[in-house]
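Raw contents of final.cif, mmCIF, C-alpha atoms:
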```
data_work
loop_
_atom_site.label_atom_id
_atom_site.label_comp_id
_atom_site.auth_asym_id
_atom_site.auth_seq_id
_atom_site.Cartn_x
_atom_site.Cartn_y
_atom_site.Cartn_z
CA MET A 1363 54.84 -85.43 -4.13
CA THR A 1364 52.40 -83.27 -2.21
CA VAL A 1365 50.51 -82.39 -5.39
CA LEU A 1366 50.37 -86.05 -6.49
CA SER A 1367 49.19 -87.13 -3.07
CA ALA A 1368 46.51 -84.47 -3.05
CA GLY A 1369 45.37 -85.51 -6.52
CA ARG A 1370 45.19 -89.16 -5.48
CA ALA A 1371 43.26 -88.19 -2.38
CA ARG A 1372 40.75 -86.22 -4.42
CA GLY A 1373 40.45 -89.12 -6.86
CA ALA A 1374 39.87 -91.51 -4.02
CA GLU A 1375 37.19 -89.24 -2.59
CA ALA A 1376 35.32 -88.93 -5.93
CA PRO A 1377 31.95 -90.65 -5.61
CA HIS A 1378 31.26 -93.68 -7.81
CA PRO A 1379 28.26 -93.48 -10.15
CA ALA A 1380 25.24 -95.03 -8.53
CA ARG A 1381 24.24 -98.38 -9.94
CA PRO A 1382 20.64 -98.78 -11.08
CA GLY A 1383 18.46 -100.36 -8.47
CA ARG A 1384 16.67 -103.65 -8.84
CA GLY A 1385 13.41 -101.92 -9.66
CA ALA A 1386 15.02 -99.93 -12.47
CA ARG A 1387 16.58 -103.07 -13.92
CA ILE A 1388 13.23 -104.86 -13.81
CA ARG A 1389 11.50 -101.95 -15.56
CA SER A 1390 14.23 -101.83 -18.20
CA ALA A 1391 14.03 -105.58 -18.81
CA THR A 1392 10.23 -105.41 -19.00
CA TYR A 1393 10.39 -102.53 -21.50
CA TYR A 1394 12.90 -104.19 -23.82
CA GLY A 1395 11.18 -107.56 -23.53
CA THR A 1396 7.79 -106.07 -24.41
CA THR A 1397 9.10 -104.04 -27.34
CA SER A 1398 11.04 -107.03 -28.67
CA ALA A 1399 7.94 -109.22 -28.46
CA LEU A 1400 5.88 -106.60 -30.32
CA ALA A 1401 8.58 -106.29 -32.99
CA VAL A 1402 8.57 -110.05 -33.51
CA LEU A 1403 4.76 -110.07 -33.62
CA PHE A 1404 4.58 -107.38 -36.30
CA LEU A 1405 7.51 -108.66 -38.36
CA SER A 1406 6.48 -112.32 -38.35
CA PRO A 1407 3.89 -111.99 -41.21
CA LEU A 1408 6.48 -110.31 -43.44
CA VAL A 1409 9.11 -112.90 -42.59
CA TRP A 1410 6.62 -115.69 -43.27
CA SER A 1411 5.72 -114.12 -46.65
CA LEU A 1412 9.39 -113.81 -47.57
CA PHE A 1413 10.03 -117.43 -46.61
CA SER A 1414 6.97 -118.70 -48.48
CA SER A 1415 7.92 -116.77 -51.61
CA VAL A 1416 11.20 -118.69 -52.01
CA HIS A 1417 10.36 -122.06 -50.46
CA GLY A 1418 8.28 -124.96 -51.67
CA PRO A 1419 7.81 -127.09 -54.80
CA ARG A 1420 6.40 -124.25 -56.92
CA ALA A 1421 9.25 -121.94 -55.87
CA SER A 1422 11.91 -124.43 -56.91
CA GLY A 1423 10.30 -125.87 -60.04
CA GLY A 1424 9.04 -129.03 -58.30
CA ALA A 1425 12.43 -130.02 -56.89
CA GLY A 1426 11.70 -128.91 -53.34
CA GLY A 1427 13.80 -126.58 -51.28
CA TYR A 1428 14.32 -122.97 -52.34
CA GLY A 1429 14.00 -121.12 -55.63
CA VAL A 1430 12.71 -117.99 -57.37
CA ASP A 1431 10.06 -119.50 -59.65
CA ASN A 1432 7.34 -117.69 -57.70
CA TYR A 1433 8.91 -114.37 -58.62
CA ARG A 1434 9.25 -115.45 -62.26
CA ARG A 1435 5.53 -116.25 -62.47
CA LEU A 1436 4.74 -112.95 -60.76
CA ILE A 1437 6.82 -110.98 -63.27
CA GLU A 1438 5.13 -112.72 -66.20
CA TYR A 1439 1.57 -112.53 -64.84
CA GLY A 1440 -1.00 -110.59 -66.87
CA GLU A 1441 0.37 -107.37 -68.32
CA GLY A 1442 3.60 -107.87 -66.44
CA LEU A 1443 4.76 -106.85 -62.98
CA ALA A 1444 6.57 -103.79 -64.38
CA VAL A 1445 3.31 -102.38 -65.80
CA TYR A 1446 1.46 -102.73 -62.50
CA ALA A 1447 4.39 -101.28 -60.54
CA VAL A 1448 4.59 -98.27 -62.86
CA ASN A 1449 0.84 -97.67 -62.54
CA SER A 1450 1.05 -97.78 -58.73
CA THR A 1451 4.07 -95.47 -58.80
CA VAL A 1452 2.33 -92.92 -61.04
CA ILE A 1453 -0.76 -92.83 -58.82
CA SER A 1454 1.35 -92.59 -55.65
CA VAL A 1455 3.56 -89.78 -56.99
CA LEU A 1456 0.56 -87.77 -58.22
CA THR A 1457 -1.22 -88.32 -54.90
CA VAL A 1458 1.79 -87.17 -52.87
CA ALA A 1459 2.34 -84.10 -55.08
CA GLY A 1460 -1.33 -83.13 -55.10
CA THR A 1461 -1.74 -83.67 -51.37
CA LEU A 1462 1.31 -81.55 -50.53
CA VAL A 1463 0.32 -78.67 -52.83
CA VAL A 1464 -3.26 -78.50 -51.55
CA THR A 1465 -2.57 -79.00 -47.85
CA VAL A 1466 0.53 -76.79 -47.63
CA LEU A 1467 -1.33 -73.85 -49.15
CA GLY A 1468 -4.50 -74.67 -47.22
CA GLY A 1469 -2.70 -75.23 -43.92
CA TYR A 1470 -0.82 -71.94 -44.33
CA ALA A 1471 -4.06 -70.09 -45.06
CA PHE A 1472 -5.90 -71.59 -42.07
CA ALA A 1473 -2.96 -70.89 -39.74
CA ARG A 1474 -2.10 -67.33 -40.79
CA PHE A 1475 -5.13 -65.60 -42.37
CA GLN A 1476 -8.56 -64.56 -41.20
CA PHE A 1477 -11.45 -64.82 -43.65
CA PRO A 1478 -15.23 -65.33 -43.42
CA GLY A 1479 -16.27 -68.92 -42.79
CA LYS A 1480 -12.73 -70.03 -41.91
CA ASP A 1481 -13.72 -72.34 -39.05
CA LEU A 1482 -16.74 -73.71 -40.90
CA LEU A 1483 -14.64 -74.50 -43.97
CA PHE A 1484 -12.01 -76.24 -41.86
CA LEU A 1485 -14.64 -78.33 -40.08
CA GLY A 1486 -16.15 -79.21 -43.45
CA ALA A 1487 -12.80 -80.52 -44.64
CA LEU A 1488 -12.38 -82.58 -41.48
CA ALA A 1489 -15.92 -83.93 -41.87
CA ILE A 1490 -14.69 -86.05 -44.78
CA LEU A 1491 -13.25 -88.35 -42.09
CA MET A 1492 -16.77 -89.16 -40.92
CA ILE A 1493 -17.85 -90.52 -44.31
CA PRO A 1494 -16.89 -94.11 -45.16
CA HIS A 1495 -14.97 -93.94 -48.42
CA PRO A 1496 -16.75 -96.87 -50.14
CA THR A 1497 -20.11 -95.09 -49.78
CA ILE A 1498 -19.06 -92.21 -52.06
CA LEU A 1499 -17.20 -94.17 -54.73
CA ILE A 1500 -20.24 -94.43 -57.04
CA PRO A 1501 -20.90 -90.63 -57.01
CA LEU A 1502 -17.18 -90.08 -57.58
CA TYR A 1503 -17.29 -92.54 -60.46
CA GLU A 1504 -20.05 -90.51 -62.11
CA ILE A 1505 -18.14 -87.26 -61.56
CA LEU A 1506 -14.96 -88.68 -63.09
CA ARG A 1507 -16.93 -90.10 -66.03
CA THR A 1508 -18.48 -86.67 -66.64
CA VAL A 1509 -15.10 -84.90 -66.75
CA GLY A 1510 -13.47 -87.68 -68.79
CA LEU A 1511 -11.17 -89.04 -66.06
CA GLN A 1512 -12.83 -92.41 -65.53
CA ASN A 1513 -10.42 -95.29 -66.22
CA SER A 1514 -7.55 -92.84 -65.73
CA LEU A 1515 -4.59 -92.93 -63.34
CA VAL A 1516 -4.99 -89.18 -62.85
CA GLY A 1517 -8.62 -89.66 -61.80
CA VAL A 1518 -7.65 -92.25 -59.19
CA ALA A 1519 -4.93 -89.92 -57.89
CA LEU A 1520 -7.44 -87.07 -57.52
CA VAL A 1521 -9.74 -89.33 -55.50
CA MET A 1522 -6.82 -90.34 -53.27
CA VAL A 1523 -5.91 -86.68 -52.73
CA MET A 1524 -9.46 -86.06 -51.51
CA PHE A 1525 -9.22 -89.02 -49.13
CA GLN A 1526 -5.95 -87.64 -47.68
CA LEU A 1527 -7.21 -84.06 -47.33
CA PRO A 1528 -8.61 -84.07 -43.75
CA PHE A 1529 -5.64 -85.58 -41.92
CA SER A 1530 -3.04 -83.79 -44.05
CA LEU A 1531 -4.73 -80.40 -43.73
CA PHE A 1532 -4.95 -80.81 -39.96
CA MET A 1533 -1.26 -81.72 -39.77
CA MET A 1534 -0.11 -78.80 -41.90
CA ARG A 1535 -2.24 -76.23 -40.09
CA ASN A 1536 -0.79 -77.32 -36.74
CA ALA A 1537 2.72 -77.29 -38.18
CA PHE A 1538 2.37 -73.70 -39.45
CA GLU A 1539 0.83 -72.56 -36.16
CA SER A 1540 3.87 -73.93 -34.30
CA VAL A 1541 6.23 -71.70 -36.36
CA PRO A 1542 6.89 -68.32 -34.66
CA ARG A 1543 5.15 -65.47 -36.45
CA GLU A 1544 8.29 -63.36 -36.06
CA LEU A 1545 9.94 -65.31 -38.89
CA GLU A 1546 7.19 -64.41 -41.31
CA GLU A 1547 6.98 -60.80 -40.08
CA ALA A 1548 10.72 -60.33 -40.60
CA ALA A 1549 10.42 -61.67 -44.15
CA LEU A 1550 7.50 -59.33 -44.88
CA LEU A 1551 9.50 -56.36 -43.58
CA ASP A 1552 12.32 -57.33 -45.96
CA GLY A 1553 9.95 -57.04 -48.91
CA CYS A 1554 8.65 -60.59 -49.27
CA THR A 1555 5.04 -61.28 -50.05
CA SER A 1556 3.12 -63.92 -48.13
CA LEU A 1557 3.75 -66.44 -50.91
CA THR A 1558 7.50 -65.79 -51.15
CA ALA A 1559 7.79 -65.91 -47.35
CA LEU A 1560 6.07 -69.28 -47.44
CA LEU A 1561 8.30 -70.65 -50.21
CA ARG A 1562 11.63 -69.27 -48.96
CA ILE A 1563 11.33 -69.50 -45.17
CA LEU A 1564 8.31 -71.29 -43.76
CA LEU A 1565 8.57 -74.42 -45.87
CA ARG A 1566 11.93 -75.21 -44.28
CA ALA A 1567 10.38 -74.90 -40.83
CA VAL A 1568 7.56 -77.34 -41.63
CA THR A 1569 9.62 -79.87 -43.60
CA PRO A 1570 9.10 -82.70 -41.05
CA ALA A 1571 5.32 -82.23 -41.24
CA MET A 1572 5.45 -82.21 -45.06
CA ILE A 1573 7.45 -85.45 -45.07
CA THR A 1574 4.94 -87.02 -42.68
CA VAL A 1575 2.02 -85.97 -44.87
CA GLY A 1576 3.80 -87.19 -48.00
CA LEU A 1577 4.66 -90.53 -46.40
CA PHE A 1578 1.06 -91.12 -45.33
CA ALA A 1579 -0.20 -90.17 -48.79
CA PHE A 1580 2.25 -92.55 -50.45
CA LEU A 1581 1.39 -95.49 -48.18
CA ALA A 1582 -2.35 -94.94 -48.61
CA SER A 1583 -2.23 -94.64 -52.41
CA TRP A 1584 0.34 -97.42 -52.90
CA ASN A 1585 -1.78 -99.92 -50.94
CA GLU A 1586 -5.22 -98.72 -52.05
CA PHE A 1587 -7.39 -101.44 -53.56
CA ILE A 1588 -11.03 -100.35 -53.72
CA ALA A 1589 -10.62 -97.06 -55.63
CA PRO A 1590 -8.47 -98.50 -58.47
CA LEU A 1591 -10.78 -101.51 -58.68
CA ILE A 1592 -13.82 -99.25 -59.17
CA PHE A 1593 -12.35 -96.53 -61.39
CA LEU A 1594 -10.02 -98.60 -63.62
CA SER A 1595 -11.45 -101.00 -66.18
CA GLU A 1596 -8.41 -101.90 -68.32
CA GLY A 1597 -5.92 -104.52 -67.21
CA SER A 1598 -3.04 -102.42 -68.49
CA LYS A 1599 -3.92 -99.72 -65.92
CA PHE A 1600 -4.34 -101.96 -62.87
CA THR A 1601 -2.22 -101.28 -59.81
CA LEU A 1602 -0.26 -103.82 -57.79
CA PRO A 1603 -2.97 -104.49 -55.16
CA VAL A 1604 -5.61 -105.09 -57.85
CA ALA A 1605 -3.26 -107.37 -59.81
CA LEU A 1606 -2.37 -109.36 -56.69
CA VAL A 1607 -6.00 -109.96 -55.80
CA SER A 1608 -6.69 -111.27 -59.30
CA LEU A 1609 -3.56 -113.44 -59.28
CA ARG A 1610 -5.19 -116.84 -59.77
CA SER A 1611 -4.15 -119.93 -61.69
CA GLY A 1612 -5.04 -123.58 -61.97
CA GLU A 1613 -8.44 -125.23 -61.93
CA LEU A 1614 -11.51 -123.78 -60.20
CA GLY A 1615 -9.78 -120.47 -59.60
CA ALA A 1616 -7.18 -121.83 -57.20
CA ILE A 1617 -4.94 -119.07 -55.84
CA ASP A 1618 -1.24 -119.21 -56.67
CA LEU A 1619 -0.12 -118.68 -53.08
CA GLY A 1620 3.57 -118.71 -53.90
CA ALA A 1621 3.34 -115.94 -56.49
CA LEU A 1622 0.96 -114.06 -54.21
CA GLN A 1623 3.49 -114.13 -51.36
CA ALA A 1624 6.16 -112.93 -53.78
CA GLY A 1625 3.87 -110.05 -54.72
CA ILE A 1626 3.38 -109.15 -51.07
CA VAL A 1627 7.15 -108.97 -50.61
CA VAL A 1628 7.60 -106.80 -53.71
CA THR A 1629 4.79 -104.48 -52.62
CA ALA A 1630 6.15 -104.10 -49.09
CA ILE A 1631 9.74 -103.23 -50.10
CA PRO A 1632 9.12 -99.55 -51.13
CA CYS A 1633 7.06 -98.92 -48.00
CA LEU A 1634 9.76 -100.33 -45.72
CA LEU A 1635 12.56 -98.44 -47.45
CA LEU A 1636 10.73 -95.11 -47.34
CA PHE A 1637 9.81 -95.51 -43.69
CA LEU A 1638 13.37 -96.45 -42.70
CA LEU A 1639 14.81 -93.48 -44.61
CA LEU A 1640 12.29 -90.93 -43.31
CA GLN A 1641 11.44 -92.22 -39.82
CA ARG A 1642 13.20 -89.40 -37.94
CA TYR A 1643 11.25 -86.79 -39.94
CA TYR A 1644 8.11 -88.85 -39.41
CA VAL A 1645 8.43 -88.61 -35.62
CA ARG A 1646 9.30 -84.91 -35.71
CA GLY A 1647 6.37 -84.22 -38.01
CA PHE A 1648 3.90 -85.74 -35.57
CA THR A 1649 5.24 -83.58 -32.72
CA ALA A 1650 5.55 -80.39 -34.78
CA GLY A 1651 2.18 -79.04 -33.64
CA ALA A 1652 2.32 -80.31 -30.07
CA VAL A 1653 3.99 -77.15 -28.70
CA ARG A 1654 3.14 -73.95 -30.47
CA GLY A 1655 5.56 -71.02 -30.59
#
```
Write out the structure in this file as structure tokens.
Amino acid sequence: MTVLSAGRARGAEAPHPARPGRGARIRSATYYGTTSALAVLFLSPLVWSLFSSVHGPRASGGAGGYGVDNYRRLIEYGEGLAVYAVNSTVISVLTVAGTLVVTVLGGYAFARFQFPGKDLLFLGALAILMIPHPTILIPLYEILRTVGLQNSLVGVALVMVMFQLPFSLFMMRNAFESVPRELEEAALLDGCTSLTALLRILLRAVTPAMITVGLFAFLASWNEFIAPLIFLSEGSKFTLPVALVSLRSGELGAIDLGALQAGIVVTAIPCLLLFLLLQRYYVRGFTAGAVRG
């Protein structure tokens, strides 16, 4: 009985967790209210596009209400939706692969090695950000025509890799600089070369930054309009953004808004899925170079 009484007494004396004050509750409500309002603001165009793509006379074959006729016209437009989607996918995959290969090797070199003109070369790469992309499309067109890559998906991908170079190189250099040098030194002592140490050890440490760079490269190339419009001249090689802009029917070039909204929904789906799947790596990749080891 004495033990039970003592236990009850100690339980009775245990302090209750403090309740949040009125100020904390107001701040919490303000935070969640603001973020919810921003979420609604950013999601409303996508929701409106989704609704418009399945609602209306043209979506339901003139009967009113809901239907998928807009998607049927989109699939049958021009060379076919599948052709444009494959072209966009090819360019995006090549852009992501090329960007990762160039910036991983370049970021590793800028972070770990000393060579003449290192800082000047890095600043030169970053200087691409200062040049508006449309102003150099005509010189790039002439270069691609000279090497036989004009009107080629590979040529467009190479241009997109160049556009992604400054940001991606900056991200990867910071990511490698945040990795402790002791990891690389231990691998070198075990007989690894710099390349094998990079492939076997360091790549795992900078995976979040690589995913961030790859995600940005995919989004930029998937949604790019001007470069494919300039460099591609055959309808069978058009990408989704170019096909959607030219999606017109009826008299006097009237735009088929229903099919256009369906195209917007189809184009947005891969971007949303990739971001939802990779968002935790995306956040970690942005903070990878914030604190250096």
>> Evaluate the PyMOL selection byres ((chain A and resi 1428-1430) around 10) against this structure - the residues, as a list in words, please.
In response: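 Selected by the PyMOL selection byres ((chain A and resi 1428-1430) around 10) in this file: Phe1413, Ser1414, Ser1415, Val1416, His1417, Gly1418, Pro1419, Arg1420, Ala1421, Ser1422, Gly1423, Gly1424, Ala1425, Gly1426, Gly1427, Asp1431, Asn1432, Tyr1433, Arg1434, Arg1435, Gly1620, Ala1621 and Ala1624 of chain A.
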> Written as a PyMOL selection string, which residues does the PyMOL selection byres ((chain A and resi 1589) around 10) give for the file shown?
Replying inline: chain A and resi 1495-1496+1499+1502-1503+1517-1519+1521-1522+1583+1586-1588+1590-1594+1604
Selected residues written out, C-alpha atoms, as an mmCIF file, keeping the file's coordinate frame:
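Produced file result_31.cif, reproduced below:
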```cif
data_model
loop_
_atom_site.group_PDB
_atom_site.id
_atom_site.type_symbol
_atom_site.label_atom_id
_atom_site.label_comp_id
_atom_site.auth_asym_id
_atom_site.auth_seq_id
_atom_site.Cartn_x
_atom_site.Cartn_y
_atom_site.Cartn_z
ATOM 1 C CA HIS A 1495 -14.970 -93.940 -48.420
ATOM 2 C CA PRO A 1496 -16.750 -96.870 -50.140
ATOM 3 C CA LEU A 1499 -17.200 -94.170 -54.730
ATOM 4 C CA LEU A 1502 -17.180 -90.080 -57.580
ATOM 5 C CA TYR A 1503 -17.290 -92.540 -60.460
ATOM 6 C CA GLY A 1517 -8.620 -89.660 -61.800
ATOM 7 C CA VAL A 1518 -7.650 -92.250 -59.190
ATOM 8 C CA ALA A 1519 -4.930 -89.920 -57.890
ATOM 9 C CA VAL A 1521 -9.740 -89.330 -55.500
ATOM 10 C CA MET A 1522 -6.820 -90.340 -53.270
ATOM 11 C CA SER A 1583 -2.230 -94.640 -52.410
ATOM 12 C CA GLU A 1586 -5.220 -98.720 -52.050
ATOM 13 C CA PHE A 1587 -7.390 -101.440 -53.560
ATOM 14 C CA ILE A 1588 -11.030 -100.350 -53.720
ATOM 15 C CA PRO A 1590 -8.470 -98.500 -58.470
ATOM 16 C CA LEU A 1591 -10.780 -101.510 -58.680
ATOM 17 C CA ILE A 1592 -13.820 -99.250 -59.170
ATOM 18 C CA PHE A 1593 -12.350 -96.530 -61.390
ATOM 19 C CA LEU A 1594 -10.020 -98.600 -63.620
ATOM 20 C CA VAL A 1604 -5.610 -105.090 -57.850
#
```
> Any idea what the distance is between atom CA of Phe1538 of chain A and atom CA of Ile1490 of chain A?
Replying inline: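 Interatomic distance here is 21.7 Å.
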> Interatomic distance between atom CA of Ile1617 of chain A and atom CA of Glu1438 of chain A?
Replying inline: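 Going from atom CA of Ile1617 of chain A over to atom CA of Glu1438 of chain A, I get 15.8 Å.
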>> Going by the chain IDs and residue numbers used in this file, which residues fall under the PyMOL selection byres ((chain A and resi 1516) around 12)? Write them as a PyMOL selection string.
In response: chain A and resi 1449-1457+1459-1460+1506+1509-1515+1517-1523+1590+1593-1594+1599
> Can you tell me, as number ranges by chain, what residues are no more than 12 Å from Leu1561 of chain A when counting only C-alpha atoms, ignoring any on the same chain fewer than 5 positions away?
Replying inline: A: 1463, 1466-1467, 1470, 1546, 1549, 1554-1556, 1566-1569
So that I have them on file, write out the residues from the current selection with C-alpha atoms, as a PDB file, in the coordinates of the input.
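Just written: selection20.pdb:
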```
ATOM      1  CA  VAL A1463       0.320 -78.670 -52.830  1.00  0.00           C
ATOM      2  CA  VAL A1466       0.530 -76.790 -47.630  1.00  0.00           C
ATOM      3  CA  LEU A1467      -1.330 -73.850 -49.150  1.00  0.00           C
ATOM      4  CA  TYR A1470      -0.820 -71.940 -44.330  1.00  0.00           C
ATOM      5  CA  GLU A1546       7.190 -64.410 -41.310  1.00  0.00           C
ATOM      6  CA  ALA A1549      10.420 -61.670 -44.150  1.00  0.00           C
ATOM      7  CA  CYS A1554       8.650 -60.590 -49.270  1.00  0.00           C
ATOM      8  CA  THR A1555       5.040 -61.280 -50.050  1.00  0.00           C
ATOM      9  CA  SER A1556       3.120 -63.920 -48.130  1.00  0.00           C
ATOM     10  CA  ARG A1566      11.930 -75.210 -44.280  1.00  0.00           C
ATOM     11  CA  ALA A1567      10.380 -74.900 -40.830  1.00  0.00           C
ATOM     12  CA  VAL A1568       7.560 -77.340 -41.630  1.00  0.00           C
ATOM     13  CA  THR A1569       9.620 -79.870 -43.600  1.00  0.00           C
TER      14      THR A1569
END
```
